[in-house]
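J.: For reference, this is protein_0.txt, and it has compact mmCIF, C-alpha atoms.
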```txt
# COMPACT_ATOMS: atom_id res chain seq x y z
CA MET A 1 -16.71 13.48 -24.30
CA ALA A 2 -15.13 16.83 -25.14
CA ALA A 3 -14.21 17.25 -21.50
CA ALA A 4 -12.86 13.69 -21.37
CA ALA A 5 -10.63 14.36 -24.36
CA GLU A 6 -8.77 17.03 -22.37
CA ARG A 7 -7.90 14.64 -19.56
CA PRO A 8 -4.62 12.71 -19.64
CA ASN A 9 -4.13 9.18 -20.84
CA ILE A 10 -2.89 6.91 -18.06
CA ILE A 11 -0.58 3.93 -18.48
CA TYR A 12 -0.10 1.79 -15.40
CA ILE A 13 2.77 -0.70 -15.62
CA PHE A 14 3.29 -2.99 -12.66
CA THR A 15 5.28 -6.07 -11.82
CA ASP A 16 4.80 -8.85 -9.29
CA GLN A 17 7.09 -9.23 -6.27
CA GLN A 18 9.57 -6.40 -6.92
CA THR A 19 11.06 -4.74 -3.88
CA ALA A 20 11.69 -0.98 -4.00
CA GLN A 21 15.47 -1.35 -4.06
CA ALA A 22 15.50 -3.72 -7.04
CA MET A 23 16.26 -0.96 -9.55
CA SER A 24 19.54 0.63 -10.52
CA CYS A 25 17.87 4.07 -10.26
CA ALA A 26 17.34 3.26 -6.56
CA GLY A 27 21.11 2.95 -6.18
CA ASN A 28 21.39 -0.83 -6.32
CA PRO A 29 24.66 -1.86 -8.02
CA ASP A 30 23.62 -5.53 -8.30
CA VAL A 31 20.86 -4.96 -10.87
CA HIS A 32 20.70 -3.01 -14.13
CA THR A 33 17.28 -1.60 -15.09
CA PRO A 34 17.84 0.90 -17.91
CA ASN A 35 14.15 1.18 -18.78
CA LEU A 36 12.91 1.80 -15.27
CA ASP A 37 15.79 4.25 -15.01
CA ARG A 38 14.36 6.03 -18.08
CA LEU A 39 11.01 6.39 -16.34
CA ALA A 40 12.64 7.63 -13.14
CA ALA A 41 14.74 10.16 -15.07
CA ALA A 42 11.58 11.46 -16.75
CA GLY A 43 9.35 11.38 -13.68
CA VAL A 44 8.93 11.48 -9.93
CA MET A 45 10.13 8.57 -7.77
CA PHE A 46 8.76 7.95 -4.28
CA SER A 47 11.08 6.36 -1.72
CA ASN A 48 8.34 5.60 0.82
CA ALA A 49 5.64 3.79 -1.15
CA TYR A 50 4.14 0.75 0.55
CA CYS A 51 1.85 -2.02 -0.61
CA THR A 52 -1.51 -2.24 1.11
CA ALA A 53 -0.98 -5.99 1.53
CA PRO A 54 2.13 -8.10 0.76
CA LEU A 55 0.34 -10.76 -1.29
CA SER A 56 -0.82 -10.59 -4.91
CA GLY A 57 -4.60 -10.98 -4.63
CA PRO A 58 -5.09 -8.69 -1.61
CA SER A 59 -2.72 -6.03 -2.98
CA ARG A 60 -4.45 -5.98 -6.36
CA GLY A 61 -7.81 -5.92 -4.64
CA ALA A 62 -6.80 -2.69 -2.90
CA MET A 63 -5.60 -1.18 -6.19
CA PHE A 64 -8.80 -1.92 -8.06
CA THR A 65 -11.45 -1.54 -5.32
CA GLY A 66 -9.98 1.26 -3.19
CA HIS A 67 -10.53 -0.71 0.04
CA TYR A 68 -8.29 -2.39 2.57
CA PRO A 69 -8.39 -6.15 1.90
CA GLU A 70 -9.74 -7.23 5.29
CA THR A 71 -12.56 -4.68 5.07
CA VAL A 72 -14.02 -6.29 1.93
CA GLY A 73 -13.01 -9.94 2.41
CA LEU A 74 -10.02 -9.98 0.03
CA LEU A 75 -7.23 -10.75 2.51
CA VAL A 76 -6.11 -14.06 0.93
CA ASN A 77 -5.31 -15.27 -2.58
CA GLY A 78 -8.32 -16.84 -4.25
CA ALA A 79 -10.92 -14.78 -2.42
CA PRO A 80 -13.71 -13.83 -4.85
CA MET A 81 -14.51 -10.22 -5.67
CA PRO A 82 -17.64 -9.31 -3.67
CA ASP A 83 -20.66 -8.80 -5.93
CA SER A 84 -21.24 -5.39 -4.34
CA LEU A 85 -17.88 -4.17 -5.70
CA LYS A 86 -17.99 -5.55 -9.25
CA THR A 87 -19.67 -2.43 -10.62
CA GLN A 88 -17.50 -0.12 -8.49
CA THR A 89 -14.05 -1.26 -9.54
CA LEU A 90 -11.49 1.18 -10.88
CA GLY A 91 -12.08 0.05 -14.46
CA THR A 92 -15.86 0.47 -14.34
CA LEU A 93 -15.59 3.92 -12.75
CA VAL A 94 -12.95 5.21 -15.18
CA LYS A 95 -14.86 3.81 -18.15
CA SER A 96 -18.01 5.59 -16.92
CA ALA A 97 -15.96 8.80 -16.81
CA GLY A 98 -15.41 8.57 -20.58
CA TYR A 99 -12.18 6.60 -20.88
CA ASP A 100 -11.31 3.57 -22.95
CA CYS A 101 -9.93 0.99 -20.51
CA ALA A 102 -7.68 -1.93 -21.48
CA TYR A 103 -5.94 -4.55 -19.35
CA GLY A 104 -3.18 -6.98 -20.31
CA GLY A 105 -1.42 -9.57 -18.16
CA LYS A 106 -1.97 -10.94 -14.68
CA TRP A 107 -5.23 -10.06 -12.89
CA HIS A 108 -5.46 -12.52 -9.94
CA LEU A 109 -8.81 -11.34 -8.52
CA PRO A 110 -9.19 -14.29 -8.22
CA LEU A 111 -8.77 -15.49 -11.82
CA LEU A 112 -5.31 -15.05 -13.32
CA ASP A 113 -6.86 -13.59 -16.50
CA ILE A 114 -9.25 -10.66 -16.26
CA PRO A 115 -12.69 -11.44 -17.71
CA ASP A 116 -13.31 -9.31 -20.80
CA LYS A 117 -15.42 -6.21 -20.06
CA VAL A 118 -16.64 -7.48 -16.66
CA TYR A 119 -14.63 -4.98 -14.60
CA GLY A 120 -14.68 -2.16 -17.14
CA PHE A 121 -11.55 -3.27 -18.99
CA ASP A 122 -11.16 -4.74 -22.44
CA HIS A 123 -8.96 -7.83 -22.06
CA ILE A 124 -6.13 -7.33 -24.56
CA TYR A 125 -3.68 -10.04 -23.48
CA GLU A 126 -3.50 -13.11 -21.28
CA HIS A 127 -1.50 -13.68 -18.09
CA ASN A 128 1.83 -14.21 -19.86
CA ASP A 129 4.94 -12.02 -19.88
CA ASP A 130 5.84 -13.32 -23.35
CA GLY A 131 4.04 -11.04 -25.79
CA LEU A 132 2.39 -8.74 -23.25
CA ALA A 133 4.58 -5.74 -24.09
CA GLU A 134 3.94 -6.20 -27.81
CA ALA A 135 0.17 -6.30 -27.19
CA CYS A 136 0.37 -3.08 -25.18
CA ALA A 137 2.51 -1.42 -27.85
CA GLY A 138 -0.12 -2.43 -30.42
CA TYR A 139 -2.81 -0.84 -28.27
CA LEU A 140 -0.81 2.40 -28.06
CA ALA A 141 -0.45 2.42 -31.86
CA ARG A 142 -4.21 2.66 -32.35
CA LYS A 143 -6.10 5.88 -33.04
CA HIS A 144 -7.90 6.78 -29.83
CA LYS A 145 -10.98 9.01 -29.89
CA LYS A 146 -11.13 9.03 -26.10
CA PRO A 147 -8.44 9.23 -23.43
CA PHE A 148 -7.35 5.76 -22.39
CA PHE A 149 -6.38 3.91 -19.24
CA LEU A 150 -4.03 1.03 -20.09
CA VAL A 151 -2.84 -1.49 -17.49
CA ALA A 152 0.18 -3.71 -18.25
CA SER A 153 0.54 -6.28 -15.47
CA PHE A 154 3.73 -8.35 -15.64
CA ASP A 155 4.38 -11.55 -13.67
CA ASN A 156 8.13 -11.31 -13.14
CA PRO A 157 10.18 -11.25 -10.96
CA HIS A 158 7.60 -13.58 -9.37
CA ASN A 159 9.36 -16.53 -11.05
CA ILE A 160 11.77 -16.43 -8.11
CA CYS A 161 9.13 -18.55 -6.33
CA GLU A 162 9.65 -21.38 -8.81
CA TYR A 163 13.42 -20.95 -8.59
CA ALA A 164 13.36 -21.39 -4.80
CA ARG A 165 11.42 -24.64 -5.28
CA SER A 166 13.96 -25.86 -7.90
CA GLN A 167 11.23 -25.82 -10.57
CA ASN A 168 11.37 -24.63 -14.15
CA LEU A 169 10.64 -20.95 -14.59
CA PRO A 170 7.48 -20.14 -16.60
CA TYR A 171 9.18 -17.75 -19.04
CA GLY A 172 12.52 -19.51 -19.35
CA ASN A 173 15.21 -20.46 -16.87
CA ILE A 174 18.05 -18.21 -15.76
CA GLY A 175 21.43 -19.83 -16.34
CA GLU A 176 23.41 -21.18 -13.39
CA ALA A 177 25.68 -18.45 -12.07
CA ASP A 178 29.29 -18.62 -11.13
CA LEU A 179 29.24 -17.92 -7.40
CA ARG A 180 31.83 -15.18 -7.88
CA ASP A 181 29.27 -13.31 -10.01
CA CYS A 182 26.61 -13.46 -7.31
CA PRO A 183 26.02 -10.51 -4.97
CA GLY A 184 26.88 -10.99 -1.33
CA VAL A 185 24.28 -11.49 1.35
CA PRO A 186 22.57 -8.25 2.47
CA ALA A 187 23.75 -6.25 5.48
CA ASN A 188 20.60 -7.34 7.33
CA PHE A 189 21.02 -11.02 6.44
CA ALA A 190 20.80 -11.98 10.12
CA LYS A 191 17.50 -11.87 11.96
CA ASN A 192 17.37 -9.31 14.74
CA PRO A 193 17.45 -11.05 18.16
CA TYR A 194 13.98 -9.75 19.04
CA ASP A 195 12.28 -10.62 15.76
CA ALA A 196 8.75 -12.01 15.91
CA ASP A 197 9.01 -15.77 16.40
CA VAL A 198 5.76 -16.44 14.52
CA ILE A 199 7.59 -15.69 11.25
CA GLU A 200 9.77 -18.78 11.71
CA HIS A 201 6.67 -20.75 12.65
CA GLU A 202 5.06 -19.85 9.32
CA ARG A 203 8.19 -20.75 7.39
CA ASN A 204 8.60 -24.10 9.11
CA ASN A 205 4.98 -25.01 8.44
CA ASN A 206 4.78 -24.09 4.75
CA TYR A 207 7.67 -25.64 2.85
CA ASN A 208 5.97 -25.07 -0.50
CA VAL A 209 6.09 -21.31 -0.03
CA TYR A 210 9.30 -21.04 2.01
CA PRO A 211 11.66 -23.88 0.91
CA THR A 212 14.65 -22.01 2.30
CA THR A 213 15.07 -23.35 5.82
CA ARG A 214 18.30 -25.14 4.86
CA PHE A 215 19.67 -22.46 2.52
CA THR A 216 23.35 -21.73 3.02
CA PRO A 217 24.76 -18.23 2.49
CA ASP A 218 25.87 -19.38 -0.97
CA ASP A 219 22.31 -20.52 -1.74
CA TRP A 220 21.06 -17.09 -0.77
CA ARG A 221 23.64 -15.42 -3.00
CA LYS A 222 22.42 -17.51 -5.94
CA TYR A 223 18.84 -16.64 -5.04
CA ARG A 224 19.68 -12.93 -5.10
CA TYR A 225 21.52 -13.28 -8.40
CA THR A 226 18.52 -15.00 -9.99
CA TYR A 227 16.07 -12.50 -8.55
CA TYR A 228 17.95 -9.58 -10.05
CA ARG A 229 18.21 -11.31 -13.43
CA LEU A 230 14.41 -11.75 -13.37
CA VAL A 231 14.03 -8.04 -12.62
CA GLU A 232 16.26 -7.28 -15.60
CA LYS A 233 14.20 -9.62 -17.74
CA VAL A 234 10.96 -7.79 -16.99
CA ASP A 235 12.72 -4.43 -17.34
CA ALA A 236 13.53 -5.34 -20.95
CA GLU A 237 9.84 -6.04 -21.59
CA ILE A 238 8.82 -2.75 -20.00
CA GLY A 239 11.29 -1.04 -22.31
CA LYS A 240 9.17 -2.09 -25.29
CA ILE A 241 6.23 -0.15 -23.87
CA VAL A 242 8.40 2.88 -23.12
CA ASP A 243 9.70 2.72 -26.69
CA ALA A 244 6.11 2.76 -27.97
CA ILE A 245 5.33 5.82 -25.86
CA ASP A 246 8.32 7.49 -27.53
CA LYS A 247 7.35 6.29 -31.00
CA TYR A 248 3.79 7.56 -30.84
CA ASN A 249 4.63 10.86 -29.10
CA LEU A 250 2.41 10.18 -26.10
CA TRP A 251 4.43 11.91 -23.39
CA GLU A 252 2.72 15.30 -23.70
CA ASN A 253 -0.68 14.09 -22.51
CA THR A 254 0.04 10.80 -20.77
CA ILE A 255 0.72 9.88 -17.15
CA VAL A 256 2.88 6.77 -16.81
CA ILE A 257 2.91 5.02 -13.44
CA PHE A 258 5.20 2.14 -12.48
CA SER A 259 4.92 0.04 -9.32
CA SER A 260 4.68 -3.54 -8.03
CA ASP A 261 2.07 -5.41 -6.02
CA HIS A 262 4.54 -6.22 -3.22
CA GLY A 263 8.22 -6.94 -2.71
CA ASP A 264 10.34 -9.98 -1.87
CA GLY A 265 12.59 -10.75 1.09
CA VAL A 266 15.64 -11.12 -1.22
CA GLY A 267 17.49 -12.80 1.65
CA ALA A 268 17.04 -9.99 4.17
CA HIS A 269 16.59 -11.71 7.55
CA GLN A 270 17.01 -14.91 5.49
CA TRP A 271 13.50 -14.47 4.12
CA ASN A 272 12.14 -15.30 0.69
CA GLN A 273 8.80 -14.42 -0.83
CA LYS A 274 6.24 -12.11 0.78
CA SER A 275 3.63 -12.02 3.62
CA ALA A 276 6.07 -11.01 6.39
CA LEU A 277 6.09 -7.28 7.09
CA TYR A 278 9.80 -6.75 6.52
CA GLU A 279 10.76 -3.57 4.69
CA GLU A 280 11.97 -5.46 1.61
CA VAL A 281 8.49 -7.02 1.33
CA THR A 282 6.30 -3.98 2.02
CA ASN A 283 8.31 -1.11 0.47
CA VAL A 284 7.64 -1.06 -3.28
CA PRO A 285 8.79 1.03 -6.25
CA LEU A 286 6.58 3.90 -7.33
CA ILE A 287 7.50 6.12 -10.28
CA VAL A 288 5.06 8.65 -11.76
CA THR A 289 5.88 10.37 -15.04
CA LEU A 290 3.65 13.40 -15.62
CA PRO A 291 2.59 14.88 -18.98
CA GLY A 292 5.47 16.77 -20.50
CA LYS A 293 7.81 15.02 -18.02
CA LYS A 294 7.14 17.68 -15.40
CA HIS A 295 9.46 17.47 -12.37
CA ALA A 296 11.69 15.01 -14.24
CA GLY A 297 14.15 13.28 -11.93
CA LYS A 298 12.49 14.34 -8.66
CA ARG A 299 12.66 12.13 -5.56
CA LEU A 300 9.89 12.52 -3.00
CA PRO A 301 9.70 11.16 0.58
CA GLN A 302 5.95 11.28 1.24
CA LEU A 303 4.21 8.16 2.53
CA ILE A 304 2.10 6.56 -0.20
CA SER A 305 -0.03 3.42 -0.31
CA ASN A 306 0.24 1.99 -3.81
CA GLY A 307 -3.09 0.23 -3.27
CA VAL A 308 -5.82 2.38 -1.77
CA ASP A 309 -4.07 5.69 -2.59
CA PHE A 310 -3.52 4.54 -6.18
CA PHE A 311 -7.26 3.98 -6.60
CA ALA A 312 -8.07 7.44 -5.24
CA THR A 313 -5.42 9.07 -7.43
CA ILE A 314 -6.60 7.49 -10.69
CA CYS A 315 -10.15 8.61 -9.89
CA ASP A 316 -8.79 12.10 -9.25
CA TRP A 317 -6.90 12.36 -12.56
CA THR A 318 -9.70 10.84 -14.65
CA GLU A 319 -12.48 12.70 -12.80
CA ALA A 320 -14.16 9.38 -12.17
CA ILE A 321 -16.81 9.51 -9.46
CA ALA A 322 -15.30 7.45 -6.66
CA PRO A 323 -17.48 5.57 -4.17
CA LYS A 324 -18.16 7.58 -1.04
CA TYR A 325 -16.31 5.27 1.30
CA ILE A 326 -12.99 4.42 -0.33
CA ASP A 327 -10.02 4.13 2.00
CA GLY A 328 -7.25 5.98 0.17
CA THR A 329 -5.99 9.53 -0.33
CA SER A 330 -5.08 10.89 -3.76
CA PHE A 331 -1.40 11.75 -4.23
CA ARG A 332 -2.05 13.76 -7.40
CA ALA A 333 -1.38 17.12 -5.73
CA ILE A 334 1.87 15.82 -4.22
CA VAL A 335 3.19 14.66 -7.59
CA GLU A 336 2.09 17.76 -9.47
CA ALA A 337 3.65 20.07 -6.87
CA GLY A 338 6.90 18.07 -6.83
CA ASN A 339 7.77 19.54 -3.43
CA PRO A 340 9.32 17.15 -0.89
CA GLN A 341 8.08 19.41 1.93
CA ASN A 342 4.39 19.26 1.02
CA PRO A 343 2.43 17.25 3.61
CA HIS A 344 0.38 14.28 2.41
CA GLN A 345 -0.65 11.93 5.22
CA GLU A 346 0.73 11.03 8.63
CA TYR A 347 0.92 7.28 8.09
CA VAL A 348 0.22 4.35 5.78
CA VAL A 349 -0.95 0.88 6.77
CA THR A 350 -0.03 -2.55 5.42
CA GLU A 351 -2.00 -5.59 6.56
CA THR A 352 -1.22 -9.26 6.04
CA GLN A 353 -2.38 -12.83 6.43
CA PHE A 354 0.45 -15.21 5.64
CA ASP A 355 0.16 -17.05 2.34
CA GLY A 356 -1.15 -20.51 3.17
CA GLY A 357 -1.16 -19.71 6.90
CA LYS A 358 -3.32 -18.19 9.63
CA THR A 359 -1.03 -15.53 11.11
CA ARG A 360 -2.27 -11.98 10.68
CA GLY A 361 -0.30 -8.79 11.06
CA TRP A 362 -0.30 -5.05 10.51
CA CYS A 363 2.31 -2.34 10.14
CA ILE A 364 2.02 1.40 10.56
CA ARG A 365 4.68 3.48 8.79
CA THR A 366 4.92 7.06 10.06
CA ASP A 367 7.45 9.71 9.11
CA ARG A 368 10.23 8.29 11.25
CA TYR A 369 9.06 4.98 12.67
CA LYS A 370 7.59 1.68 11.56
CA TYR A 371 5.43 -0.26 13.96
CA VAL A 372 4.72 -3.93 13.25
CA LEU A 373 2.25 -6.10 15.13
CA TYR A 374 1.49 -9.79 14.62
CA ASP A 375 -1.54 -11.41 16.21
CA LYS A 376 0.41 -13.91 18.33
CA GLY A 377 3.82 -15.11 19.45
CA ARG A 378 6.86 -13.84 21.29
CA TYR A 379 8.09 -10.36 20.31
CA ARG A 380 4.97 -9.89 18.21
CA GLU A 381 5.47 -6.13 18.54
CA GLN A 382 8.22 -4.43 16.55
CA LEU A 383 9.25 -0.77 16.41
CA PHE A 384 12.01 0.47 14.11
CA ASP A 385 13.63 3.85 13.49
CA MET A 386 13.46 4.16 9.69
CA GLN A 387 16.04 6.94 9.65
CA ALA A 388 18.70 5.07 11.62
CA ASP A 389 17.75 1.45 10.96
CA ARG A 390 15.96 0.84 7.68
CA GLY A 391 17.34 -2.70 7.76
CA GLU A 392 15.21 -3.38 10.88
CA MET A 393 17.94 -4.86 13.07
CA ARG A 394 17.09 -3.17 16.39
CA ASN A 395 13.60 -3.73 17.75
CA LEU A 396 12.91 -0.65 19.86
CA ALA A 397 9.68 -2.11 21.24
CA VAL A 398 11.71 -3.94 23.92
CA GLU A 399 13.32 -0.70 25.17
CA SER A 400 11.54 1.52 27.71
CA THR A 401 13.15 4.65 26.20
CA TYR A 402 10.78 4.33 23.25
CA GLY A 403 7.66 3.62 25.30
CA LYS A 404 5.88 6.82 24.23
CA GLU A 405 6.51 6.17 20.53
CA LEU A 406 5.37 2.60 20.96
CA GLN A 407 2.12 3.68 22.60
CA LYS A 408 1.55 6.38 19.98
CA HIS A 409 1.73 3.79 17.22
CA ARG A 410 -0.45 1.35 19.14
CA ASP A 411 -3.09 4.06 19.40
CA ILE A 412 -2.89 4.80 15.67
CA LEU A 413 -3.36 1.13 14.81
CA ARG A 414 -6.21 0.68 17.29
CA GLN A 415 -8.10 3.64 15.85
CA TRP A 416 -7.43 2.48 12.29
CA MET A 417 -8.80 -0.96 13.08
CA LYS A 418 -11.92 0.54 14.59
CA ARG A 419 -12.48 2.88 11.64
CA HIS A 420 -12.09 0.12 9.06
CA HIS A 421 -14.02 -2.56 10.94
CA ILE A 422 -11.09 -4.95 11.22
CA ARG A 423 -12.32 -8.07 12.99
CA PRO A 424 -10.30 -9.38 15.94
CA THR A 425 -8.44 -12.65 15.47
CA ARG A 426 -10.32 -14.10 18.45
CA LEU A 427 -13.64 -13.15 20.01
CA LYS A 428 -13.44 -10.53 22.77
CA ILE A 429 -9.72 -10.01 22.06
CA ASN A 430 -8.21 -6.66 21.12
CA ASP A 431 -5.14 -7.53 19.06
CA VAL A 432 -3.35 -4.27 19.92
CA PRO A 433 -1.58 -4.41 23.31
CA GLU A 434 -2.95 -2.05 25.92
CA GLY A 435 0.45 -0.96 27.22
CA GLU A 436 1.65 -0.67 30.81
```
Turn this file's structure into structure tokens for me.
T.:
Amino acid sequence: MAAAAERPNIIYIFTDQQTAQAMSCAGNPDVHTPNLDRLAAAGVMFSNAYCTAPLSGPSRGAMFTGHYPETVGLLVNGAPMPDSLKTQTLGTLVKSAGYDCAYGGKWHLPLLDIPDKVYGFDHIYEHNDDGLAEACAGYLARKHKKPFFLVASFDNPHNICEYARSQNLPYGNIGEADLRDCPGVPANFAKNPYDADVIEHERNNNYNVYPTTRFTPDDWRKYRYTYYRLVEKVDAEIGKIVDAIDKYNLWENTIVIFSSDHGDGVGAHQWNQKSALYEEVTNVPLIVTLPGKKHAGKRLPQLISNGVDFFATICDWTEAIAPKYIDGTSFRAIVEAGNPQNPHQEYVVTETQFDGGKTRGWCIRTDRYKYVLYDKGRYREQLFDMQADRGEMRNLAVESTYGKELQKHRDILRQWMKRHHIRPTRLKINDVPEGE
């Protein structure tokens, strides 16, 4: 316990469905997030953090088990936590390492509320953005004899799903906007001419999830306006936790991490919600504030998985004994060095099965390129230059000039699938193309 007392407290704040660019500290003029900006000014912000899966349950499964979703049967919402993992979750491991562990807000593995003490966490608040911040602030006000690991899991801006379906929003509606106050459509509003056609198939066959097939440009502008107001709404709640950290002088021995389980299309390629492997969906915010605000204001480019790498990193900082076969790589050394040149890993992987659908897909993000593969359909292979075309408007997979890069990324994905026992979508079929 004496050794545990010297280790840092950890506060993990995360939202649901927030794309990396939905913060004013990321340079977005259409949204104002003063509290996330406070964290970024005090900490280290990663520009290339990716979710392990662009759907709530699978993404959270990666965060709290340390495994890729397909590997452990958590690739869809509602999948139950395997019994073999229940005593090896992040909460149980960190608690065994001598920490007090508390969880408030959305769990979604598969229950929306985390069962009290089952996964190592004390359940301090229900799945509800109203009152969650106050409950977390109350937890921070307590006298703690041990270091603590507090998770604050907010639902917004996920309420954009209800907005798209013309339903009432769970935590209060956003007022109707004057169209002149709405941001324009994004620069990559159009779909690239060689986009995977299976994406439109999924949208056309799941109106409940993607009720946007008849959206006009003005509808999309209103969607974007509402989305950013929901981000601002949750930012105000997060500010209450940041205020409590200030009030109780916790910065000197506390690591504060902010992220989201996945992003949202926000109208890019005329896409709403998640599941598709567009950049707006897979690229998520990641801000890490170190004790004493070391490296305050740094921006780092290293490739990070906010699922499996997050699990490994929390185990690293807490000295929890991680299972032998977790899938992530700790980014602790990268953050503590604060050097944009320090190598971390060559690539990160995001895998998907469309919400309510059957289509599966994978993307490999390397230093310069992003390779996307879906299991079927025309133009199911995508290759993008992330330096020249982060909006993903030119699919290089159809150009022979990039044949070597395409094959390199195919090989990476094929080896990754083999290493992580990813089952083929059909018997005796290798989902990765063999090349010429």
J.: For a quick check of understanding, using only C-alpha atoms, which of A:His67, A:Leu74, A:Ser166, A:Gly338 has the smallest distance to Gly297 (chain A)?
T.: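 Comparing A:His67, A:Leu74, A:Ser166, A:Gly338 against Gly297 (chain A), the winner is A:Gly338.
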J.: Which neighbours of region 27-41 of chain A fall inside 7 Å, counting only C-alpha atoms, when residues of the same chain fewer than 5 positions from it are skipped, and could you give them as a PyMOL selection string?
T.: chain A and resi 21-22+183+228+232+235-236+238-239+287+289+296-297
J.: Nearest to Tyr163 (chain A) among A:Trp220, A:Tyr12, A:Phe149, A:Tyr194, with distances taken over only C-alpha atoms: which residue is it?
T.: A:Trp220
J.: Quick one: of A:Thr352, A:Gln270, A:Asn192, A:Thr318, who's nearest to Gln382 (chain A), counting all atoms listed in the file?
T.: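 Between A:Thr352, A:Gln270, A:Asn192, A:Thr318, the residue approaching Gln382 (chain A) most closely is A:Asn192.
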J.: List as a PDB file with C-alpha atoms, in the coordinates of the input the protein and nucleic acid residues near Arg426 (chain A), meaning an atom at most 10 Å away when only C-alpha atoms are counted, but skip any in the same chain fewer than 4 places from it.
T.:
```pdb
ATOM      1  CA  ASP A 375      -1.540 -11.410  16.210  1.00  0.00           C
ATOM      2  CA  ASN A 430      -8.210  -6.660  21.120  1.00  0.00           C
ATOM      3  CA  ASP A 431      -5.140  -7.530  19.060  1.00  0.00           C
TER       4      ASP A 431
END
```
J.: Using all atoms listed in the file for the distances, tell me which of A:Ala102, A:Val72, A:Leu132, A:Ile364 is nearest to Ile422 (chain A).
T.: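 Between A:Ala102, A:Val72, A:Leu132, A:Ile364, the residue approaching Ile422 (chain A) most closely is A:Val72.
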